[in-house]
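Coordinates from entry_3.tsv are shown below (TSV, C-alpha atoms).
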chain	number	residue	atom	x	y	z
A	1322	MET	CA	61.06	96.77	117.90
A	1323	ARG	CA	57.73	95.55	116.64
A	1324	PHE	CA	56.03	92.41	117.73
A	1325	PHE	CA	53.31	92.42	115.13
A	1326	SER	CA	54.15	91.77	111.51
A	1327	ARG	CA	51.23	93.87	110.32
A	1328	ASP	CA	48.50	95.97	111.75
A	1329	ILE	CA	46.00	94.14	113.89
A	1330	ARG	CA	42.49	95.33	113.30
A	1331	THR	CA	40.15	92.67	114.59
A	1332	MET	CA	39.78	90.40	117.58
A	1333	ASP	CA	40.31	87.51	115.20
A	1334	GLU	CA	43.77	88.79	114.25
A	1335	LEU	CA	44.63	89.52	117.87
A	1336	PHE	CA	43.54	85.98	118.79
A	1337	VAL	CA	45.77	84.40	116.14
A	1338	HIS	CA	48.69	86.60	117.23
A	1339	ASP	CA	48.39	85.50	120.84
A	1340	LEU	CA	47.89	81.87	119.83
A	1341	ARG	CA	51.26	82.12	118.04
A	1342	ASP	CA	52.72	83.68	121.19
A	1343	ILE	CA	51.66	80.75	123.38
A	1344	TYR	CA	52.75	78.24	120.70
A	1345	HIS	CA	56.25	79.69	120.87
A	1346	VAL	CA	56.16	79.57	124.66
A	1347	GLU	CA	55.13	75.91	124.76
A	1348	ARG	CA	57.89	74.97	122.31
A	1349	HIS	CA	60.39	76.77	124.47
A	1350	ASN	CA	58.98	74.98	127.49
A	1351	LEU	CA	59.66	71.56	125.95
A	1352	HIS	CA	63.36	72.38	125.88
A	1353	ALA	CA	63.40	74.02	129.31
A	1354	LEU	CA	61.55	71.19	131.06
A	1355	SER	CA	63.68	68.44	129.57
A	1356	LEU	CA	66.76	70.36	130.71
A	1357	PHE	CA	65.35	71.08	134.17
A	1358	SER	CA	64.23	67.49	134.76
A	1359	GLU	CA	67.87	66.51	134.24
A	1360	GLN	CA	69.23	69.32	136.40
A	1361	ALA	CA	66.84	69.03	139.36
A	1362	THR	CA	68.19	67.17	142.39
A	1363	ASP	CA	65.05	66.46	144.40
A	1364	PRO	CA	63.43	63.26	143.03
A	1365	GLY	CA	59.90	64.63	143.55
A	1366	LEU	CA	60.78	67.78	141.62
A	1367	LYS	CA	62.42	65.76	138.86
A	1368	ALA	CA	59.26	63.65	138.55
A	1369	ALA	CA	57.05	66.76	138.51
A	1370	PHE	CA	59.10	68.30	135.69
A	1371	GLU	CA	58.98	65.02	133.74
A	1372	HIS	CA	55.23	64.80	134.20
A	1373	HIS	CA	54.78	68.38	133.06
A	1374	LEU	CA	57.00	67.72	130.05
A	1375	VAL	CA	54.49	65.09	128.88
A	1376	GLU	CA	51.63	67.56	129.51
A	1377	THR	CA	53.50	70.21	127.54
A	1378	ARG	CA	53.68	67.90	124.51
A	1379	ASN	CA	49.89	67.62	124.74
A	1380	HIS	CA	49.61	71.41	125.11
A	1381	LEU	CA	51.45	71.84	121.82
A	1382	ARG	CA	49.16	69.32	120.09
A	1383	ARG	CA	46.10	71.12	121.42
A	1384	VAL	CA	47.38	74.51	120.27
A	1385	GLU	CA	48.10	73.00	116.83
A	1386	LEU	CA	44.58	71.60	116.83
A	1387	VAL	CA	43.14	75.06	117.53
A	1388	PHE	CA	45.21	76.52	114.70
A	1389	ALA	CA	43.69	73.88	112.41
A	1390	MET	CA	40.17	74.46	113.74
A	1391	HIS	CA	40.64	78.16	113.20
A	1392	ASP	CA	42.19	77.64	109.78
A	1393	ALA	CA	45.26	79.66	110.77
A	1394	ARG	CA	48.96	78.90	110.33
A	1395	THR	CA	51.41	78.28	113.16
A	1396	ASN	CA	53.87	80.98	112.10
A	1397	LEU	CA	56.65	81.41	114.58
A	1398	ILE	CA	56.92	84.84	116.15
A	1399	ASP	CA	59.35	86.37	118.61
A	1400	VAL	CA	58.20	86.34	122.20
A	1401	PRO	CA	60.71	88.48	124.10
A	1402	ALA	CA	59.22	87.58	127.48
A	1403	ILE	CA	59.94	83.90	127.07
A	1404	ASP	CA	63.19	84.27	125.18
A	1405	GLY	CA	64.27	86.49	128.06
A	1406	SER	CA	63.23	83.95	130.63
A	1407	ALA	CA	65.24	81.24	128.85
A	1408	GLN	CA	68.28	83.48	129.07
A	1409	GLU	CA	67.61	84.08	132.76
A	1410	ASN	CA	67.23	80.41	133.52
A	1411	GLY	CA	70.51	79.63	131.81
A	1412	GLU	CA	72.20	82.26	133.94
A	1413	VAL	CA	70.64	80.95	137.12
A	1414	ALA	CA	71.89	77.47	136.25
A	1415	GLY	CA	75.42	78.71	135.83
A	1416	ARG	CA	75.57	80.68	139.05
A	1417	ILE	CA	74.10	78.63	141.86
A	1418	ASN	CA	76.40	76.16	143.48
A	1419	ASP	CA	74.17	74.61	146.07
A	1420	LYS	CA	71.84	71.98	144.61
A	1421	ARG	CA	69.01	72.69	147.01
A	1422	VAL	CA	69.07	76.44	146.40
A	1423	PHE	CA	69.29	75.61	142.71
A	1424	ASP	CA	66.10	73.49	142.92
A	1425	ALA	CA	64.31	76.42	144.60
A	1426	ALA	CA	65.42	78.72	141.76
A	1427	LEU	CA	64.27	76.20	139.11
A	1428	ILE	CA	60.83	76.02	140.72
A	1429	ALA	CA	60.58	79.83	140.74
A	1430	ALA	CA	61.56	79.97	137.06
A	1431	VAL	CA	59.01	77.35	136.01
A	1432	GLN	CA	56.26	78.97	138.08
A	1433	ALA	CA	56.91	82.30	136.35
A	1434	VAL	CA	56.37	80.55	133.00
A	1435	GLU	CA	53.24	78.77	134.30
A	1436	HIS	CA	51.79	82.14	135.29
A	1437	TYR	CA	52.61	83.54	131.87
A	1438	GLU	CA	50.67	80.60	130.39
A	1439	ILE	CA	47.78	81.05	132.83
A	1440	ALA	CA	47.47	84.72	131.77
A	1441	ARG	CA	47.67	83.93	128.04
A	1442	TYR	CA	45.35	80.90	128.05
A	1443	GLY	CA	42.88	82.81	130.24
A	1444	THR	CA	42.80	85.60	127.67
A	1445	LEU	CA	42.59	83.20	124.72
A	1446	VAL	CA	39.73	81.18	126.24
A	1447	SER	CA	37.81	84.40	126.89
A	1448	TRP	CA	38.42	85.62	123.33
A	1449	CYS	CA	37.38	82.24	121.83
A	1450	ARG	CA	34.05	82.46	123.61
A	1451	LEU	CA	33.51	86.01	122.34
A	1452	LEU	CA	34.36	84.84	118.85
A	1453	GLY	CA	31.65	82.21	119.22
A	1454	ARG	CA	34.25	79.44	119.18
A	1455	ASN	CA	33.38	77.41	122.25
A	1456	ASP	CA	34.97	74.41	120.54
A	1457	CYS	CA	38.37	76.17	120.54
A	1458	ALA	CA	37.76	77.52	124.07
A	1459	ASN	CA	37.21	73.98	125.39
A	1460	VAL	CA	40.48	72.73	123.93
A	1461	LEU	CA	42.51	75.65	125.35
A	1462	GLN	CA	40.70	75.39	128.70
A	1463	LYS	CA	42.41	72.01	129.22
A	1464	ASN	CA	45.82	73.66	128.84
A	1465	LEU	CA	44.77	76.42	131.24
A	1466	GLU	CA	43.72	73.89	133.86
A	1467	GLU	CA	46.94	71.89	133.51
A	1468	ALA	CA	49.05	75.05	133.82
A	1469	LYS	CA	47.19	75.96	137.03
A	1470	ALA	CA	47.59	72.42	138.39
A	1471	ALA	CA	51.32	72.42	137.58
A	1472	ASP	CA	51.69	75.74	139.41
A	1473	HIS	CA	49.94	74.37	142.54
A	1474	LYS	CA	51.97	71.20	142.47
A	1475	LEU	CA	55.22	73.15	142.33
A	1476	THR	CA	54.10	75.35	145.23
A	1477	ASN	CA	53.46	72.19	147.26
A	1478	ILE	CA	56.84	70.69	146.40
A	1479	ALA	CA	58.56	74.00	147.19
A	1480	GLU	CA	56.83	74.52	150.52
A	1481	SER	CA	56.92	70.95	151.73
A	1482	LYS	CA	60.45	70.05	150.83
A	1483	VAL	CA	62.78	71.99	148.61
A	1484	ASN	CA	62.64	75.38	150.33
A	1485	VAL	CA	62.82	73.79	153.76
A	1486	GLU	CA	66.04	72.01	152.83
A	1487	ALA	CA	67.46	75.04	151.06
A	1488	THR	CA	66.86	77.36	154.02
A	1489	LEU	CA	68.63	75.00	156.39
A	1490	LEU	CA	71.77	76.22	154.67
A	1491	ALA	CA	71.04	79.88	155.32
B	1135	MET	CA	75.65	89.76	130.22
B	1136	SER	CA	75.78	88.50	133.73
B	1137	GLN	CA	72.80	89.17	135.96
B	1138	PHE	CA	74.48	88.23	139.21
B	1139	SER	CA	77.36	90.05	140.78
B	1140	ARG	CA	78.51	86.93	142.57
B	1141	ASP	CA	77.55	83.33	142.99
B	1142	MET	CA	74.36	82.74	144.92
B	1143	LYS	CA	74.93	80.25	147.65
B	1144	THR	CA	72.08	80.71	150.05
B	1145	MET	CA	68.36	81.31	150.08
B	1146	ASP	CA	69.07	84.79	151.49
B	1147	GLU	CA	70.89	85.69	148.30
B	1148	LEU	CA	68.16	84.19	146.14
B	1149	VAL	CA	65.56	86.23	148.07
B	1150	ASN	CA	67.54	89.43	147.62
B	1151	HIS	CA	67.82	88.71	143.92
B	1152	GLY	CA	64.08	87.98	143.63
B	1153	LEU	CA	63.21	91.20	145.45
B	1154	GLY	CA	65.40	93.08	142.98
B	1155	GLU	CA	63.50	91.52	140.06
B	1156	ILE	CA	60.06	92.52	141.29
B	1157	TYR	CA	61.37	95.94	142.37
B	1158	TYR	CA	62.50	96.42	138.77
B	1159	ALA	CA	59.15	95.20	137.37
B	1160	GLU	CA	57.14	97.56	139.59
B	1161	GLN	CA	59.31	100.52	138.62
B	1162	ARG	CA	58.85	99.68	134.94
B	1163	MET	CA	55.08	99.60	135.49
B	1164	LEU	CA	55.20	103.07	137.05
B	1165	VAL	CA	56.34	104.25	133.61
B	1166	ALA	CA	54.24	101.88	131.46
B	1167	LEU	CA	50.87	102.34	133.20
B	1168	PRO	CA	50.54	106.09	132.49
B	1169	GLN	CA	51.22	105.30	128.81
B	1170	MET	CA	48.57	102.59	128.85
B	1171	ILE	CA	46.14	105.00	130.54
B	1172	GLY	CA	46.80	107.46	127.73
B	1173	LYS	CA	46.05	104.88	125.07
B	1174	THR	CA	42.80	103.37	126.28
B	1175	THR	CA	39.41	104.80	125.37
B	1176	SER	CA	37.39	102.76	127.86
B	1177	ALA	CA	36.48	104.79	130.95
B	1178	ARG	CA	36.36	101.66	133.11
B	1179	LEU	CA	39.72	100.47	131.88
B	1180	LYS	CA	41.25	103.90	132.40
B	1181	ALA	CA	39.92	103.93	135.99
B	1182	ALA	CA	41.26	100.42	136.63
B	1183	PHE	CA	44.73	101.33	135.29
B	1184	ASP	CA	44.66	104.57	137.32
B	1185	ARG	CA	43.85	102.68	140.46
B	1186	HIS	CA	46.54	100.12	139.79
B	1187	LEU	CA	49.06	102.90	139.23
B	1188	GLY	CA	48.32	104.10	142.78
B	1189	GLU	CA	48.72	100.54	144.07
B	1190	THR	CA	51.98	100.16	142.15
B	1191	ARG	CA	53.40	103.24	143.93
B	1192	ASN	CA	52.57	101.58	147.26
B	1193	GLN	CA	54.06	98.30	146.09
B	1194	VAL	CA	57.35	100.05	145.32
B	1195	LEU	CA	57.31	101.54	148.84
B	1196	ARG	CA	56.57	98.14	150.37
B	1197	LEU	CA	59.49	96.58	148.54
B	1198	GLU	CA	61.77	99.33	149.83
B	1199	GLN	CA	60.42	98.60	153.29
B	1200	VAL	CA	61.21	94.89	152.92
B	1201	PHE	CA	64.74	95.62	151.71
B	1202	GLN	CA	65.15	97.79	154.79
B	1203	MET	CA	63.73	95.09	157.11
B	1204	LEU	CA	66.35	92.73	155.70
B	1205	GLY	CA	69.09	95.30	156.22
B	1206	ALA	CA	69.72	95.53	152.47
B	1207	GLU	CA	69.89	98.49	150.09
B	1208	PRO	CA	67.03	98.51	147.56
B	1209	ARG	CA	68.37	97.48	144.18
B	1210	THR	CA	66.82	96.66	140.84
B	1211	VAL	CA	67.71	93.51	138.94
B	1212	THR	CA	66.98	94.03	135.24
B	1213	ARG	CA	65.32	91.03	133.69
B	1214	PRO	CA	64.75	90.36	129.99
B	1215	ALA	CA	61.50	88.46	130.63
B	1216	ILE	CA	59.60	91.32	132.26
B	1217	ASN	CA	61.13	93.77	129.79
B	1218	GLY	CA	59.65	91.67	127.00
B	1219	ILE	CA	56.19	91.57	128.57
B	1220	ILE	CA	56.15	95.32	129.27
B	1221	MET	CA	57.56	96.22	125.86
B	1222	GLU	CA	54.76	94.25	124.30
B	1223	ALA	CA	52.25	96.27	126.34
B	1224	GLU	CA	53.87	99.53	125.26
B	1225	ASP	CA	54.14	98.39	121.66
B	1226	ALA	CA	50.51	97.33	121.33
B	1227	ALA	CA	49.33	100.84	120.52
B	1228	GLY	CA	51.71	101.19	117.61
B	1229	ASP	CA	50.08	98.47	115.60
B	1230	ILE	CA	46.41	98.33	116.44
B	1231	ASP	CA	44.15	100.83	114.74
B	1232	ASP	CA	40.84	99.90	116.23
B	1233	LYS	CA	40.47	101.38	119.70
B	1234	ARG	CA	38.44	98.54	121.12
B	1235	VAL	CA	40.78	95.83	119.82
B	1236	LEU	CA	43.59	97.93	121.28
B	1237	ASP	CA	41.84	97.89	124.68
B	1238	ALA	CA	41.56	94.10	124.50
B	1239	ALA	CA	45.31	93.91	123.71
B	1240	LEU	CA	46.17	96.34	126.55
B	1241	ILE	CA	44.20	94.22	129.01
B	1242	ALA	CA	45.91	91.04	127.81
B	1243	ALA	CA	49.33	92.65	128.20
B	1244	ALA	CA	48.51	94.04	131.66
B	1245	GLN	CA	47.28	90.63	132.78
B	1246	ALA	CA	50.51	89.03	131.58
B	1247	VAL	CA	52.38	91.51	133.81
B	1248	GLU	CA	50.01	90.82	136.75
B	1249	HIS	CA	50.65	87.09	136.44
B	1250	TYR	CA	54.41	87.64	136.34
B	1251	GLU	CA	54.07	89.63	139.55
B	1252	ILE	CA	51.73	87.07	141.15
B	1253	ALA	CA	54.30	84.34	140.46
B	1254	LYS	CA	57.19	86.43	141.84
B	1255	TYR	CA	55.37	87.63	144.98
B	1256	GLY	CA	54.09	84.09	145.61
B	1257	THR	CA	57.62	82.69	145.44
B	1258	LEU	CA	59.07	85.46	147.63
B	1259	ILE	CA	56.37	85.05	150.29
B	1260	SER	CA	56.99	81.33	150.43
B	1261	TRP	CA	60.77	81.88	150.73
B	1262	MET	CA	60.30	84.54	153.44
B	1263	ARG	CA	58.19	82.15	155.52
B	1264	GLN	CA	60.81	79.44	155.18
B	1265	LEU	CA	63.44	81.91	156.34
B	1266	GLY	CA	61.30	82.71	159.38
B	1267	ARG	CA	60.57	86.26	158.15
B	1268	GLU	CA	56.82	86.31	158.62
B	1269	ASP	CA	57.06	90.13	158.97
B	1270	CYS	CA	58.39	90.49	155.41
B	1271	ALA	CA	55.93	87.86	154.13
B	1272	SER	CA	53.01	89.90	155.53
B	1273	VAL	CA	54.11	93.08	153.77
B	1274	LEU	CA	54.46	91.27	150.44
B	1275	THR	CA	51.13	89.48	150.91
B	1276	GLU	CA	49.36	92.85	150.68
B	1277	SER	CA	50.93	93.42	147.27
B	1278	LEU	CA	50.11	89.87	146.14
B	1279	ARG	CA	46.47	90.42	147.12
B	1280	GLU	CA	46.36	93.66	145.11
B	1281	GLU	CA	47.87	91.97	142.05
B	1282	LYS	CA	45.32	89.15	142.18
B	1283	ALA	CA	42.46	91.65	142.58
B	1284	ALA	CA	43.78	93.75	139.68
B	1285	ASP	CA	43.85	90.61	137.50
B	1286	VAL	CA	40.23	89.78	138.38
B	1287	THR	CA	39.14	93.38	137.73
B	1288	LEU	CA	40.74	93.29	134.28
B	1289	THR	CA	39.06	89.97	133.44
B	1290	ASN	CA	35.71	91.47	134.42
B	1291	ILE	CA	36.27	94.57	132.30
B	1292	ALA	CA	37.46	92.49	129.36
B	1293	GLU	CA	34.50	90.17	129.45
B	1294	ALA	CA	31.91	92.85	130.18
B	1295	ASP	CA	32.93	95.77	127.99
B	1296	VAL	CA	35.92	95.68	125.87
B	1297	ASN	CA	35.84	92.32	124.17
B	1298	ALA	CA	32.11	92.44	123.51
B	1299	ASP	CA	32.49	95.77	121.69
B	1300	ALA	CA	35.54	94.86	119.69
B	1301	PRO	CA	35.00	94.09	116.03
B	1302	ILE	CA	35.24	90.37	115.54
B	1303	PHE	CA	35.65	89.37	111.96
B	1304	GLY	CA	36.86	91.56	109.15
B	1305	VAL	CA	37.67	95.23	109.30
B	1306	THR	CA	35.18	97.63	110.79
B	1307	SER	CA	34.16	100.80	109.08
B	1308	GLU	CA	35.90	102.97	111.66
B	1309	ALA	CA	39.16	101.02	111.62

Now, as a test, write the supplied structure out as structure tokens.
Amino acid sequence: MRFFSRDIRTMDELFVHDLRDIYHVERHNLHALSLFSEQATDPGLKAAFEHHLVETRNHLRRVELVFAMHDARTNLIDVPAIDGSAQENGEVAGRINDKRVFDAALIAAVQAVEHYEIARYGTLVSWCRLLGRNDCANVLQKNLEEAKAADHKLTNIAESKVNVEATLLA
Amino acid sequence: MSQFSRDMKTMDELVNHGLGEIYYAEQRMLVALPQMIGKTTSARLKAAFDRHLGETRNQVLRLEQVFQMLGAEPRTVTRPAINGIIMEAEDAAGDIDDKRVLDAALIAAAQAVEHYEIAKYGTLISWMRQLGREDCASVLTESLREEKAADVTLTNIAEADVNADAPIFGVTSEA
């Protein structure tokens, strides 16, 4: 299986490829977060997912803005990592009976996606700077910071509440 | 395809499942890293991948140790997400002609794997503490620290060597 539609020769082409990768991920995240904010039991977790859903809409707009600034098209590409994680999350949802354990699993799933985003945005910001596109780097930096903040917030919710309640069952 | 052999009811089961996921990811990296080492032309990147291969062997051993501490048999849980990330790393070489652009792509792929592992170890450590298994949390914290350091090392290499050398616009004469 090939992930690239044609040979990549320059940093510019690699940049556009990975921008398409993260665009796909953010679109997937819109669906996942709206589903998870319905499925979560803990009110704080539900609110955090809802808040991050709004941020994710902004992430998509920013990525679209960078495509426009870079004069590139938002072609959709396959991202097996994220398509796989969607499949995994669906399976987790179907298999966990206890709501508190389920919340802990949802947090773990979303944090895995946040870390995927942190890695990708980190790379993209670095590449933008090397391409002399500080304007694009600044836009993507906002997404990077929000992904990191969302990850921290979920760690706090997990450690202060959800995991504590879930382990009381163990 | 079902990933779980039975319903997960407790945090213990979720922990066991999570350990299986990262155990699978580390084993996949034992195979992928030597391939990535073979593809790169940067001496620094080769050394960093080599070093991380050694760390990955230890991380596999630590996971086996944690399974044992929990009285469980080590088992891998195959996950499509990490398969996708690692396949992308393996696939990168097939499509990129220019060696330095390839190095930049290899670093990006390796960092995506590191972040997957950072997320998984972070979650497992937090769950272990909640379950009162500080002993298991300590073992996994060593691996988490190595993953974070590997990520920083790769960022440094990317920003210092590889990206700065890679052709930026257009096709280079050697491509």

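If you count only C-alpha atoms and ignore residues fewer than 3 places along the chain from Gly1266 (chain B), what sits within 12 Å of it is Asn1484, Val1485, Thr1488, Leu1489 and Ala1491 of chain A; Met1145, Asp1146, Leu1204, Ile1259, Ser1260, Trp1261, Met1262, Arg1263, Asp1269, Cys1270, Ala1271 and Ser1272 of chain B.
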
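Taking CA of His1373 (chain A) and CA of Asp1339 (chain A) as endpoints, the distance between them is 22.0 Å.
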
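Between chain A and the candidates B:Thr1144, B:Thr1275, B:Thr1210, B:Gln1161, the tightest atom-to-atom separation, counting all atoms listed in the file, involves B:Thr1144.
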
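When all atoms listed in the file are used to measure the gap to chain A, the shortest distance among B:Gly1205, B:Gly1188, B:Gly1152, B:Pro1168 belongs to B:Gly1152.
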
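For the pair CA of Gly1154 (chain B) and CA of Gln1245 (chain B), the separation is 20.9 Å.
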
*With distances taken over all atoms listed in the file, which of A:Asp1456, A:Asp1333, A:Glu1371, A:Asp1342 is nearest to chain B?*
A:Asp1333

*Looking at B:Arg1279, B:Thr1257, B:Ile1291, B:Arg1267, which one is nearest to Leu1475 (chain A), with distances taken over all atoms listed in the file?*
B:Thr1257

*Surrounding residues of region 1433-1444 of chain A excluding itself and chain neighbours under 5 positions, 9 Å, all atoms listed in the file, as a VMD selection string*: (chain A and resid 1336 1339 to 1340 1342 to 1343 1346 to 1347 1350 1402 to 1403 1406 1428 1449 1461 to 1462 1464 to 1466 1468 to 1469 1471 to 1472) or (chain B and resid 1241 to 1243 1245 to 1254 1285 1289 1292)

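Going from CA of Arg1191 (chain B) to CA of Val1235 (chain B) covers 28.2 Å.
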
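Minimum atom-to-atom distances from B:Ala1284, B:Ala1239, B:Ile1171, B:Val1194 to chain A were compared using only C-alpha atoms, and the lowest value belongs to B:Ala1239.
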
*asked:* Applying 12 Å and all atoms listed in the file, which residues near Ala1425 (chain A) remain after dropping the ones on its own chain fewer than 5 positions away? List them as a PyMOL selection string.
replied: (chain A and resi 1357+1360-1363+1366+1413-1414+1417+1419-1420+1430-1432+1475-1488) or (chain B and resi 1142-1149+1152+1257-1258+1260-1261+1264)
